[in-house]
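Coordinates from target.csv are shown below (CSV, C-alpha atoms and all ligand atoms).
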```csv
chain,number,residue,atom,x,y,z
A,1,MET,CA,-144.6,17.1,-89.0
A,2,TYR,CA,-143.3,20.6,-88.3
A,3,GLU,CA,-140.2,19.4,-86.4
A,4,LEU,CA,-139.2,17.5,-89.5
A,5,LEU,CA,-140.0,20.4,-91.7
A,6,ASN,CA,-137.9,22.7,-89.6
A,7,ARG,CA,-134.8,20.4,-90.1
A,8,LEU,CA,-135.6,19.9,-93.8
A,9,THR,CA,-135.9,23.6,-94.6
A,10,GLN,CA,-132.7,24.6,-92.7
A,11,THR,CA,-130.5,22.1,-94.4
A,12,PHE,CA,-128.4,23.1,-97.4
A,13,GLY,CA,-129.4,21.8,-100.8
A,14,VAL,CA,-128.9,24.2,-103.7
A,15,SER,CA,-129.6,22.6,-107.1
A,16,GLY,CA,-126.6,20.5,-108.1
A,17,ASN,CA,-125.3,20.4,-104.5
A,18,GLU,CA,-128.0,18.3,-102.9
A,19,GLU,CA,-125.7,16.1,-100.8
A,20,PRO,CA,-126.6,17.5,-97.3
A,21,ILE,CA,-130.4,17.5,-97.8
A,22,ARG,CA,-130.2,14.0,-99.4
A,23,GLU,CA,-128.2,12.7,-96.4
A,24,LEU,CA,-130.9,14.0,-94.0
A,25,ILE,CA,-133.7,12.4,-96.0
A,26,ILE,CA,-131.8,9.1,-96.2
A,27,ASN,CA,-131.5,9.0,-92.4
A,28,GLU,CA,-135.2,9.8,-92.0
A,29,ILE,CA,-136.6,7.1,-94.3
A,30,LYS,CA,-134.0,4.3,-94.8
A,31,ASP,CA,-135.5,2.0,-92.1
A,32,LYS,CA,-139.0,2.5,-93.4
A,33,VAL,CA,-138.6,1.5,-97.1
A,34,ASP,CA,-137.8,-1.8,-98.9
A,35,GLU,CA,-135.1,-0.4,-101.2
A,36,ILE,CA,-133.2,2.8,-101.4
A,37,LYS,CA,-130.6,4.2,-103.8
A,38,THR,CA,-129.0,7.3,-105.1
A,39,ASP,CA,-128.9,7.4,-108.9
A,40,ALA,CA,-126.4,8.8,-111.4
A,41,LEU,CA,-127.6,12.4,-111.2
A,42,GLY,CA,-128.2,12.3,-107.4
A,43,ASN,CA,-131.9,11.6,-107.2
A,44,LEU,CA,-132.8,9.6,-104.1
A,45,ILE,CA,-135.1,6.7,-105.1
A,46,ALA,CA,-136.9,4.7,-102.4
A,47,LEU,CA,-139.3,1.9,-102.9
A,48,LYS,CA,-142.2,0.8,-100.7
A,49,LYS,CA,-143.2,-2.6,-102.0
A,50,GLY,CA,-146.9,-3.4,-102.4
A,51,ASN,CA,-148.6,-6.7,-102.9
A,52,ALA,CA,-147.8,-8.1,-106.3
A,53,ASP,CA,-150.9,-10.4,-106.2
A,54,ALA,CA,-153.3,-7.6,-105.4
A,55,GLN,CA,-156.0,-6.9,-108.0
A,56,ASN,CA,-155.0,-3.8,-110.0
A,57,HIS,CA,-151.5,-3.8,-108.7
A,58,LYS,CA,-149.8,-0.6,-110.1
A,59,LYS,CA,-146.5,1.2,-110.0
A,60,PHE,CA,-146.6,4.7,-108.7
A,61,MET,CA,-144.0,7.4,-108.7
A,62,ILE,CA,-144.2,10.2,-106.1
A,63,ALA,CA,-141.8,13.0,-106.9
A,64,ALA,CA,-140.7,15.7,-104.5
A,65,HIS,CA,-137.8,17.9,-105.5
A,66,MET,CA,-135.2,18.3,-102.8
A,67,ASP,CA,-133.2,21.1,-104.4
A,68,GLU,CA,-133.6,24.8,-103.5
A,69,ILE,CA,-132.8,28.0,-105.3
A,70,GLY,CA,-129.6,29.8,-104.5
A,71,VAL,CA,-126.7,31.7,-106.0
A,72,ILE,CA,-123.3,30.8,-107.5
A,73,ALA,CA,-120.1,32.7,-107.2
A,74,THR,CA,-118.9,33.9,-110.7
A,75,HIS,CA,-116.2,36.4,-109.9
A,76,ILE,CA,-114.2,37.8,-107.0
A,77,ASP,CA,-112.9,41.4,-107.2
A,78,ASP,CA,-109.7,42.8,-105.8
A,79,LYS,CA,-111.4,44.0,-102.6
A,80,GLY,CA,-112.8,40.5,-102.0
A,81,TYR,CA,-116.4,41.1,-103.0
A,82,ILE,CA,-118.1,38.2,-104.7
A,83,ARG,CA,-120.2,38.7,-107.9
A,84,PHE,CA,-122.8,36.0,-108.4
A,85,SER,CA,-125.4,34.5,-110.7
A,86,ASN,CA,-128.7,32.8,-109.9
A,87,ILE,CA,-129.4,29.1,-109.5
A,88,GLY,CA,-133.1,28.9,-110.4
A,89,GLY,CA,-135.5,31.8,-110.1
A,90,VAL,CA,-133.9,34.4,-107.9
A,91,SER,CA,-135.3,38.0,-107.9
A,92,PRO,CA,-132.8,40.8,-107.3
A,93,TYR,CA,-135.4,42.6,-105.2
A,94,THR,CA,-136.0,39.9,-102.7
A,95,SER,CA,-132.2,39.3,-102.5
A,96,ILE,CA,-131.4,42.9,-101.2
A,97,GLY,CA,-130.1,42.8,-97.7
A,98,GLN,CA,-130.4,39.0,-97.4
A,99,LYS,CA,-127.9,36.7,-95.8
A,100,VAL,CA,-126.6,33.8,-97.9
A,101,GLU,CA,-124.8,30.7,-96.6
A,102,PHE,CA,-122.2,28.7,-98.6
A,103,LYS,CA,-122.1,24.9,-98.1
A,104,ASN,CA,-119.0,25.3,-95.9
A,105,GLY,CA,-121.0,27.6,-93.5
A,106,ILE,CA,-119.5,30.9,-94.6
A,107,THR,CA,-122.2,33.6,-94.4
A,108,GLY,CA,-122.4,36.6,-96.7
A,109,VAL,CA,-124.6,39.7,-97.1
A,110,VAL,CA,-126.2,40.5,-100.5
A,111,SER,CA,-126.1,44.2,-101.5
A,112,TYR,CA,-125.9,46.3,-104.7
A,113,GLU,CA,-123.9,49.0,-106.3
A,114,GLN,CA,-124.7,52.3,-104.6
A,115,LYS,CA,-124.2,54.3,-107.8
A,116,LEU,CA,-127.3,52.6,-109.3
A,117,ASP,CA,-129.4,55.5,-110.7
A,118,ASP,CA,-132.8,53.8,-110.4
A,119,ILE,CA,-133.7,50.7,-108.3
A,120,LYS,CA,-135.9,49.7,-111.3
A,121,ASN,CA,-132.7,48.9,-113.1
A,122,LEU,CA,-131.5,46.5,-110.5
A,123,LYS,CA,-130.1,43.3,-111.9
A,124,LEU,CA,-128.2,40.5,-110.3
A,125,SER,CA,-125.1,41.7,-112.3
A,126,LYS,CA,-125.3,45.0,-110.3
A,127,MET,CA,-125.2,43.0,-107.0
A,128,TYR,CA,-122.5,41.4,-104.9
A,129,ILE,CA,-121.9,39.3,-101.8
A,130,ASP,CA,-119.9,40.7,-98.9
A,131,ILE,CA,-118.3,38.1,-96.6
A,132,GLY,CA,-116.3,40.7,-94.6
A,133,THR,CA,-112.9,40.1,-96.3
A,134,LYS,CA,-110.5,42.7,-97.6
A,135,SER,CA,-108.9,41.1,-100.7
A,136,ARG,CA,-109.4,38.6,-103.4
A,137,GLU,CA,-106.8,36.3,-101.7
A,138,GLU,CA,-108.6,36.4,-98.4
A,139,THR,CA,-112.1,35.7,-99.9
A,140,GLU,CA,-110.6,32.8,-101.9
A,141,LYS,CA,-109.7,31.1,-98.6
A,142,PHE,CA,-113.4,30.7,-98.0
A,143,VAL,CA,-115.2,30.9,-101.3
A,144,LYS,CA,-114.2,29.8,-104.8
A,145,ILE,CA,-115.7,30.5,-108.2
A,146,GLY,CA,-118.5,28.0,-108.7
A,147,ASP,CA,-119.4,27.6,-105.0
A,148,THR,CA,-123.1,27.9,-104.4
A,149,ALA,CA,-124.9,29.5,-101.5
A,150,CYS,CA,-128.5,29.3,-100.3
A,151,PHE,CA,-130.6,32.1,-98.8
A,152,CYS,CA,-130.9,32.2,-95.0
A,153,GLY,CA,-134.4,32.3,-93.6
A,154,SER,CA,-135.0,30.8,-90.2
A,155,PHE,CA,-138.0,28.6,-89.4
A,156,VAL,CA,-140.8,30.2,-87.5
A,157,LYS,CA,-144.1,28.4,-86.4
A,158,GLN,CA,-146.9,30.8,-85.6
A,159,GLY,CA,-150.2,29.1,-84.9
A,160,ASP,CA,-151.1,27.0,-88.0
A,161,PHE,CA,-148.6,28.9,-90.2
A,162,ALA,CA,-144.9,28.2,-90.7
A,163,ILE,CA,-142.4,30.5,-92.4
A,164,SER,CA,-139.0,29.6,-93.7
A,165,LYS,CA,-136.6,29.6,-96.6
A,166,ALA,CA,-136.8,26.5,-98.9
A,167,MET,CA,-140.5,25.6,-98.2
A,168,ASP,CA,-140.1,25.1,-102.0
A,169,ASN,CA,-139.8,22.3,-101.8
A,170,ARG,CA,-138.9,20.9,-98.4
A,171,ALA,CA,-142.6,21.1,-97.7
A,172,GLY,CA,-143.1,18.5,-100.5
A,173,CYS,CA,-140.2,16.4,-99.0
A,174,ALA,CA,-141.9,16.5,-95.6
A,175,VAL,CA,-145.2,15.3,-97.2
A,176,ALA,CA,-143.5,12.5,-99.1
A,177,THR,CA,-141.7,11.4,-95.9
A,178,GLU,CA,-145.0,11.5,-94.0
A,179,VAL,CA,-146.6,9.4,-96.8
A,180,ILE,CA,-143.9,6.8,-96.1
A,181,ASN,CA,-144.8,6.9,-92.4
A,182,ILE,CA,-148.5,6.5,-93.1
A,183,LEU,CA,-148.0,3.6,-95.5
A,184,SER,CA,-145.7,1.9,-93.0
A,185,LYS,CA,-148.8,1.6,-90.8
A,186,THR,CA,-151.5,0.9,-93.4
A,187,GLY,CA,-149.5,-1.1,-95.9
A,188,THR,CA,-150.1,-0.7,-99.6
A,189,ASP,CA,-151.3,-2.8,-102.6
A,190,ASN,CA,-149.2,-0.8,-105.0
A,191,ASP,CA,-145.5,-0.4,-105.5
A,192,ILE,CA,-144.6,3.1,-104.6
A,193,TYR,CA,-141.4,4.8,-105.7
A,194,PHE,CA,-140.6,7.9,-103.7
A,195,VAL,CA,-138.2,10.1,-105.6
A,196,PHE,CA,-136.5,13.0,-104.0
A,197,THR,CA,-135.4,14.7,-107.2
A,198,VAL,CA,-132.4,17.0,-108.0
A,199,GLN,CA,-132.3,20.1,-110.1
A,200,GLU,CA,-136.0,20.8,-110.4
A,201,GLU,CA,-135.4,24.5,-110.1
A,202,LEU,CA,-133.1,24.4,-113.2
A,203,GLY,CA,-135.7,22.7,-115.4
A,204,LEU,CA,-137.1,19.5,-114.0
A,205,ARG,CA,-133.8,17.7,-114.8
A,206,GLY,CA,-133.6,15.0,-112.1
A,207,ALA,CA,-137.3,14.0,-112.5
A,208,LYS,CA,-136.8,13.2,-116.2
A,209,THR,CA,-134.0,10.6,-115.7
A,210,ALA,CA,-135.7,9.1,-112.6
A,211,ALA,CA,-138.9,8.6,-114.5
A,212,TYR,CA,-137.0,6.9,-117.3
A,213,GLN,CA,-135.5,4.4,-114.9
A,214,ILE,CA,-138.8,3.6,-113.1
A,215,MET,CA,-141.4,4.0,-115.9
A,216,PRO,CA,-144.3,4.1,-113.5
A,217,ASP,CA,-148.0,3.5,-114.4
A,218,TYR,CA,-148.8,6.8,-112.7
A,219,ALA,CA,-146.9,9.8,-111.3
A,220,ILE,CA,-147.8,12.4,-108.7
A,221,ALA,CA,-145.6,15.4,-107.9
A,222,VAL,CA,-145.7,17.1,-104.5
A,223,ASP,CA,-144.5,20.7,-104.7
A,224,VAL,CA,-145.6,24.1,-103.5
A,225,THR,CA,-147.8,26.4,-105.5
A,226,ARG,CA,-148.7,30.1,-105.4
A,227,THR,CA,-151.9,31.6,-103.8
A,228,GLY,CA,-154.2,34.3,-104.9
A,229,ASP,CA,-155.1,35.5,-101.4
A,230,THR,CA,-152.7,38.4,-100.7
A,231,PRO,CA,-153.5,42.1,-101.3
A,232,GLU,CA,-153.9,42.9,-105.1
A,233,SER,CA,-152.4,39.5,-106.0
A,234,HIS,CA,-152.7,37.9,-109.4
A,235,ILE,CA,-156.0,36.1,-109.8
A,236,MET,CA,-155.6,32.6,-108.6
A,237,GLU,CA,-158.1,30.3,-106.9
A,238,VAL,CA,-155.7,28.8,-104.3
A,239,LYS,CA,-155.8,30.1,-100.7
A,240,LEU,CA,-153.5,29.3,-97.8
A,241,GLY,CA,-155.1,27.0,-95.2
A,242,GLU,CA,-158.0,25.8,-97.4
A,243,GLY,CA,-156.5,22.4,-98.1
A,244,PRO,CA,-153.9,20.9,-100.4
A,245,ALA,CA,-154.5,21.7,-104.1
A,246,ILE,CA,-155.1,19.2,-106.8
A,247,LYS,CA,-153.3,20.5,-109.8
A,248,ILE,CA,-155.3,20.9,-113.1
A,249,LYS,CA,-152.7,22.8,-115.1
A,250,ASP,CA,-149.4,24.8,-114.9
A,251,SER,CA,-147.0,25.8,-117.6
A,252,SER,CA,-145.4,22.3,-117.7
A,253,ILE,CA,-148.4,20.0,-117.7
A,254,LEU,CA,-152.1,19.5,-118.2
A,255,CYS,CA,-152.8,16.9,-115.6
A,256,HIS,CA,-154.2,13.6,-116.7
A,257,PRO,CA,-157.9,13.2,-115.9
A,258,ALA,CA,-157.4,9.7,-114.5
A,259,VAL,CA,-154.9,11.1,-111.9
A,260,LYS,CA,-157.1,14.1,-111.1
A,261,SER,CA,-160.1,11.8,-110.5
A,262,LEU,CA,-158.0,9.4,-108.4
A,263,LEU,CA,-157.0,12.3,-106.1
A,264,GLU,CA,-160.5,13.7,-105.9
A,265,ALA,CA,-161.9,10.3,-105.0
A,266,ALA,CA,-159.2,9.9,-102.3
A,267,ALA,CA,-160.0,13.3,-100.8
A,268,LYS,CA,-163.7,12.5,-100.7
A,269,ARG,CA,-163.2,9.0,-99.2
A,270,ALA,CA,-160.9,10.3,-96.5
A,271,ASN,CA,-162.8,13.6,-95.9
A,272,ILE,CA,-159.9,15.8,-96.7
A,273,PRO,CA,-160.5,19.4,-97.8
A,274,TYR,CA,-159.0,20.3,-101.2
A,275,GLN,CA,-158.9,23.0,-103.8
A,276,TYR,CA,-158.1,23.1,-107.5
A,277,GLU,CA,-154.9,24.6,-108.8
A,278,ILE,CA,-154.3,26.4,-112.1
A,279,LEU,CA,-150.9,28.0,-112.0
A,280,GLU,CA,-150.2,30.4,-114.8
A,281,GLY,CA,-146.5,30.7,-114.5
A,282,GLY,CA,-144.2,27.9,-113.3
A,283,GLY,CA,-144.0,24.1,-113.5
A,284,THR,CA,-143.1,21.1,-111.5
A,285,ASP,CA,-141.5,17.6,-111.8
A,286,VAL,CA,-144.5,15.9,-113.5
A,287,GLY,CA,-144.0,18.3,-116.4
A,288,ALA,CA,-140.9,16.2,-117.3
A,289,ILE,CA,-142.2,12.9,-116.1
A,290,HIS,CA,-145.4,12.7,-118.1
A,291,THR,CA,-143.6,13.0,-121.4
A,292,THR,CA,-141.0,10.3,-120.6
A,293,GLY,CA,-141.0,7.0,-122.6
A,294,GLY,CA,-144.4,6.2,-123.9
A,295,GLY,CA,-145.9,8.7,-121.6
A,296,VAL,CA,-147.0,8.6,-117.9
A,297,PRO,CA,-150.4,9.7,-116.7
A,298,SER,CA,-149.5,12.3,-114.1
A,299,GLY,CA,-150.9,14.8,-111.7
A,300,ALA,CA,-149.8,16.8,-108.7
A,301,VAL,CA,-150.7,17.7,-105.1
A,302,SER,CA,-149.6,21.2,-104.3
A,303,ILE,CA,-149.0,22.9,-101.0
A,304,PRO,CA,-150.4,26.5,-101.1
A,305,THR,CA,-147.4,28.8,-100.4
A,306,ARG,CA,-147.1,32.6,-100.2
A,307,TYR,CA,-143.9,34.5,-101.2
A,308,ILE,CA,-142.4,31.6,-103.1
A,309,HIS,CA,-138.7,32.0,-103.9
A,310,SER,CA,-138.1,34.4,-101.0
A,311,PRO,CA,-136.4,33.5,-97.7
A,312,THR,CA,-139.8,33.9,-96.0
A,313,GLU,CA,-142.1,31.4,-97.8
A,314,MET,CA,-145.3,30.8,-95.8
A,315,ILE,CA,-147.4,27.7,-95.6
A,316,SER,CA,-150.2,26.2,-93.4
A,317,LEU,CA,-149.2,23.2,-91.4
A,318,LYS,CA,-152.8,21.9,-91.7
A,319,ASP,CA,-152.5,21.9,-95.5
A,320,LEU,CA,-149.2,20.0,-95.1
A,321,GLU,CA,-150.8,17.3,-93.0
A,322,ASN,CA,-153.8,17.0,-95.3
A,323,ALA,CA,-151.5,16.8,-98.4
A,324,ALA,CA,-149.8,13.8,-96.8
A,325,LYS,CA,-153.1,12.1,-96.0
A,326,LEU,CA,-154.4,12.8,-99.5
A,327,VAL,CA,-151.4,11.4,-101.3
A,328,ALA,CA,-151.3,8.3,-99.0
A,329,GLU,CA,-154.9,7.6,-99.5
A,330,ALA,CA,-154.6,8.0,-103.3
A,331,VAL,CA,-151.7,5.7,-103.9
A,332,ARG,CA,-152.2,2.8,-101.6
B,1,CO,CO,-139.2,26.7,-107.0
B,2,ZN,ZN,-140.7,23.8,-106.3
```
Any chance you could put this one into structure tokens?
Amino acid sequence: MYELLNRLTQTFGVSGNEEPIRELIINEIKDKVDEIKTDALGNLIALKKGNADAQNHKKFMIAAHMDEIGVIATHIDDKGYIRFSNIGGVSPYTSIGQKVEFKNGITGVVSYEQKLDDIKNLKLSKMYIDIGTKSREETEKFVKIGDTACFCGSFVKQGDFAISKAMDNRAGCAVATEVINILSKTGTDNDIYFVFTVQEELGLRGAKTAAYQIMPDYAIAVDVTRTGDTPESHIMEVKLGEGPAIKIKDSSILCHPAVKSLLEAAAKRANIPYQYEILEGGGTDVGAIHTTGGGVPSGAVSIPTRYIHSPTEMISLKDLENAAKLVAEAVR
């Protein structure tokens, strides 16, 4: 799976500009699903058909957001430096000294006003992107106001660990893709809609409209979650490498007991290690899905990840594989 994860993480897909990552996923899954389409907002929706005559035939929605955080050019000064704003949760501190890459491949360096009295006062408005140009006119040949850029962070595999930018949430996209692979071999009783959503990082926007179109019986999001296993970290039960996490709660949802039980039973049946997740800050796609229409019983499988929203997000590849096995076992 890590070869696929490598390509997924390194492909551009800042929220609202998901075309490159969507193209990659389409090529990866199009021959393995029964229907595939891109909807009005850009969500990629793929259906793996089940057996309509099966007892208890249900409609599942698996949501994995394909967008990533990034920055957007807001102003170019006379010397050619680019001022920017955030797309999603971007910390000024993790941005210092980083490389960013615009969709057209132009690379810039993020730095900040040297006059800043105290680094504690650092804000994105005190920062700029330097693409090595000398004037506004020269910069505008490469970057225009409104252009977005992702952070650069190469993919490294070290033992069971992998480090990259955009593990949030290409790790989830890799899991959903692997679930399609598994179900292609095992078959499924249920209809499974795989939705690679847009604009999750801006407030679960794509998931909301996708759920309205599908109106599934159950929904499961696959996304990353934080861990509580680094020095002096916030208290949190989740650890890297101890298995995928079955979500109980985050700030967007209290997961439905029926979905939680379904996931627990699947993990036990297939002998997959798992842990429970209560995430105190942050949400994911099911936050929007579960309150769509008359309501959708929803839950989530999360991939434990350190340093979320940095260019060096770290996961365990074993957790990734087990997350795919768990979701496939639960929905088929
Ligand atoms: Co995120
Ligand atoms: Zn995410």
Give me the residues of chain A that have any atom at most 12 Å from an atom of ligand ZN 2 (chain B); for each, the nearest atom pair and the distance in Å, rounded to one decimal. Use all atoms listed in the file, sort by chain and number, and format it as JSON lines.
```
{"residue": "A:Ser15", "atom": "CA", "partner": "B:ZN2", "partner_atom": "ZN", "distance": 11.2}
{"residue": "A:Ala63", "atom": "CA", "partner": "B:ZN2", "partner_atom": "ZN", "distance": 10.9}
{"residue": "A:Ala64", "atom": "CA", "partner": "B:ZN2", "partner_atom": "ZN", "distance": 8.3}
{"residue": "A:His65", "atom": "CA", "partner": "B:ZN2", "partner_atom": "ZN", "distance": 6.6}
{"residue": "A:Met66", "atom": "CA", "partner": "B:ZN2", "partner_atom": "ZN", "distance": 8.5}
{"residue": "A:Asp67", "atom": "CA", "partner": "B:ZN2", "partner_atom": "ZN", "distance": 8.2}
{"residue": "A:Glu68", "atom": "CA", "partner": "B:ZN2", "partner_atom": "ZN", "distance": 7.7}
{"residue": "A:Ile69", "atom": "CA", "partner": "B:ZN2", "partner_atom": "ZN", "distance": 9.0}
{"residue": "A:Gly88", "atom": "CA", "partner": "B:ZN2", "partner_atom": "ZN", "distance": 10.0}
{"residue": "A:Gly89", "atom": "CA", "partner": "B:ZN2", "partner_atom": "ZN", "distance": 10.3}
{"residue": "A:Ala166", "atom": "CA", "partner": "B:ZN2", "partner_atom": "ZN", "distance": 8.8}
{"residue": "A:Met167", "atom": "CA", "partner": "B:ZN2", "partner_atom": "ZN", "distance": 8.3}
{"residue": "A:Asp168", "atom": "CA", "partner": "B:ZN2", "partner_atom": "ZN", "distance": 4.5}
{"residue": "A:Asn169", "atom": "CA", "partner": "B:ZN2", "partner_atom": "ZN", "distance": 4.8}
{"residue": "A:Arg170", "atom": "CA", "partner": "B:ZN2", "partner_atom": "ZN", "distance": 8.6}
{"residue": "A:Ala171", "atom": "CA", "partner": "B:ZN2", "partner_atom": "ZN", "distance": 9.2}
{"residue": "A:Gly172", "atom": "CA", "partner": "B:ZN2", "partner_atom": "ZN", "distance": 8.2}
{"residue": "A:Cys173", "atom": "CA", "partner": "B:ZN2", "partner_atom": "ZN", "distance": 10.4}
{"residue": "A:Phe196", "atom": "CA", "partner": "B:ZN2", "partner_atom": "ZN", "distance": 11.8}
{"residue": "A:Thr197", "atom": "CA", "partner": "B:ZN2", "partner_atom": "ZN", "distance": 10.6}
{"residue": "A:Val198", "atom": "CA", "partner": "B:ZN2", "partner_atom": "ZN", "distance": 10.9}
{"residue": "A:Gln199", "atom": "CA", "partner": "B:ZN2", "partner_atom": "ZN", "distance": 9.9}
{"residue": "A:Glu200", "atom": "CA", "partner": "B:ZN2", "partner_atom": "ZN", "distance": 6.9}
{"residue": "A:Glu201", "atom": "CA", "partner": "B:ZN2", "partner_atom": "ZN", "distance": 6.6}
{"residue": "A:Leu202", "atom": "CA", "partner": "B:ZN2", "partner_atom": "ZN", "distance": 10.3}
{"residue": "A:Gly203", "atom": "CA", "partner": "B:ZN2", "partner_atom": "ZN", "distance": 10.4}
{"residue": "A:Leu204", "atom": "CA", "partner": "B:ZN2", "partner_atom": "ZN", "distance": 9.5}
{"residue": "A:Ala221", "atom": "CA", "partner": "B:ZN2", "partner_atom": "ZN", "distance": 9.9}
{"residue": "A:Val222", "atom": "CA", "partner": "B:ZN2", "partner_atom": "ZN", "distance": 8.6}
{"residue": "A:Asp223", "atom": "CA", "partner": "B:ZN2", "partner_atom": "ZN", "distance": 5.2}
{"residue": "A:Val224", "atom": "CA", "partner": "B:ZN2", "partner_atom": "ZN", "distance": 5.7}
{"residue": "A:Thr225", "atom": "CA", "partner": "B:ZN2", "partner_atom": "ZN", "distance": 7.6}
{"residue": "A:Arg226", "atom": "CA", "partner": "B:ZN2", "partner_atom": "ZN", "distance": 10.2}
{"residue": "A:Gly282", "atom": "CA", "partner": "B:ZN2", "partner_atom": "ZN", "distance": 8.8}
{"residue": "A:Gly283", "atom": "CA", "partner": "B:ZN2", "partner_atom": "ZN", "distance": 7.9}
{"residue": "A:Thr284", "atom": "CA", "partner": "B:ZN2", "partner_atom": "ZN", "distance": 6.3}
{"residue": "A:Asp285", "atom": "CA", "partner": "B:ZN2", "partner_atom": "ZN", "distance": 8.3}
{"residue": "A:Val286", "atom": "CA", "partner": "B:ZN2", "partner_atom": "ZN", "distance": 11.3}
{"residue": "A:Gly287", "atom": "CA", "partner": "B:ZN2", "partner_atom": "ZN", "distance": 12.0}
{"residue": "A:Ala300", "atom": "CA", "partner": "B:ZN2", "partner_atom": "ZN", "distance": 11.7}
{"residue": "A:Val301", "atom": "CA", "partner": "B:ZN2", "partner_atom": "ZN", "distance": 11.8}
{"residue": "A:Ser302", "atom": "CA", "partner": "B:ZN2", "partner_atom": "ZN", "distance": 9.5}
{"residue": "A:Ile303", "atom": "CA", "partner": "B:ZN2", "partner_atom": "ZN", "distance": 9.9}
{"residue": "A:Pro304", "atom": "CA", "partner": "B:ZN2", "partner_atom": "ZN", "distance": 11.3}
{"residue": "A:Thr305", "atom": "CA", "partner": "B:ZN2", "partner_atom": "ZN", "distance": 10.2}
{"residue": "A:Ile308", "atom": "CA", "partner": "B:ZN2", "partner_atom": "ZN", "distance": 8.6}
{"residue": "A:His309", "atom": "CA", "partner": "B:ZN2", "partner_atom": "ZN", "distance": 8.8}
{"residue": "A:Glu313", "atom": "CA", "partner": "B:ZN2", "partner_atom": "ZN", "distance": 11.5}
```
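With all atoms listed in the file taken into account, the protein and nucleic acid residues at most 9 Å from region 105-116 of chain A (excluding it and anything under 6 positions from it in its own chain) are A:Ser95, A:Ile96, A:Gly97, A:Gln98, A:Lys99, A:Leu122, A:Lys123, A:Leu124, A:Ser125, A:Lys126, A:Met127, A:Tyr128, A:Ile129, A:Asp130, A:Ile131, A:Gly132, A:Phe142, A:Val143, A:Ala149, A:Cys152.
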Residue among A:Arg136, A:Lys249, A:Lys325, A:His290 lying closest to Arg269 (chain A), counting all atoms listed in the file:
A:Lys325
Residue list as a list in words for point (-135.2, 12.0, -114.4), cut-off 10 Å, all atoms listed in the file:
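Returned residue set, sorted by chain then number, is Asp39, Ala40, Leu41, Gly42, Asn43, Val195, Thr197, Val198, Gln199, Glu200, Leu204, Arg205, Gly206, Ala207, Lys208, Thr209, Ala210, Ala211, Tyr212, Gln213, Ile214, Asp285, Ala288, Ile289 and Thr292 of chain A.
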Nearest to ligand CO 1 (chain B) by atom-to-atom distance, counting all atoms listed in the file, from A:Lys103, A:Lys165, A:Lys141, A:His234:
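Smallest separation from ligand CO 1 (chain B) among the options: A:Lys165.
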Restricting to all atoms listed in the file, whichever of A:Glu329, A:Asp77, A:Glu321, A:Glu264 is closest to Glu178 (chain A) is A:Glu321
Could you check the closest approach to ligand CO 1 (chain B) for each of A:Thr74, A:Thr230, A:Ser135, A:Ser91 and tell me which residue wins, using all atoms listed in the file?
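Looking at the shortest contact to ligand CO 1 (chain B), the residue is A:Ser91.
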Quick one, how far is CA of Asn271 (chain A) from CA of Ala52 (chain A)?
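So the two atoms, CA of Asn271 (chain A) and CA of Ala52 (chain A), lie 28.4 Å apart.
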Residue contacts of Met1 (chain A) (9 Å, all atoms listed in the file) excluding same-chain residues fewer than 2 positions away, as a ChimeraX atom specification
/A:3-6,174-175,178,317,320-321
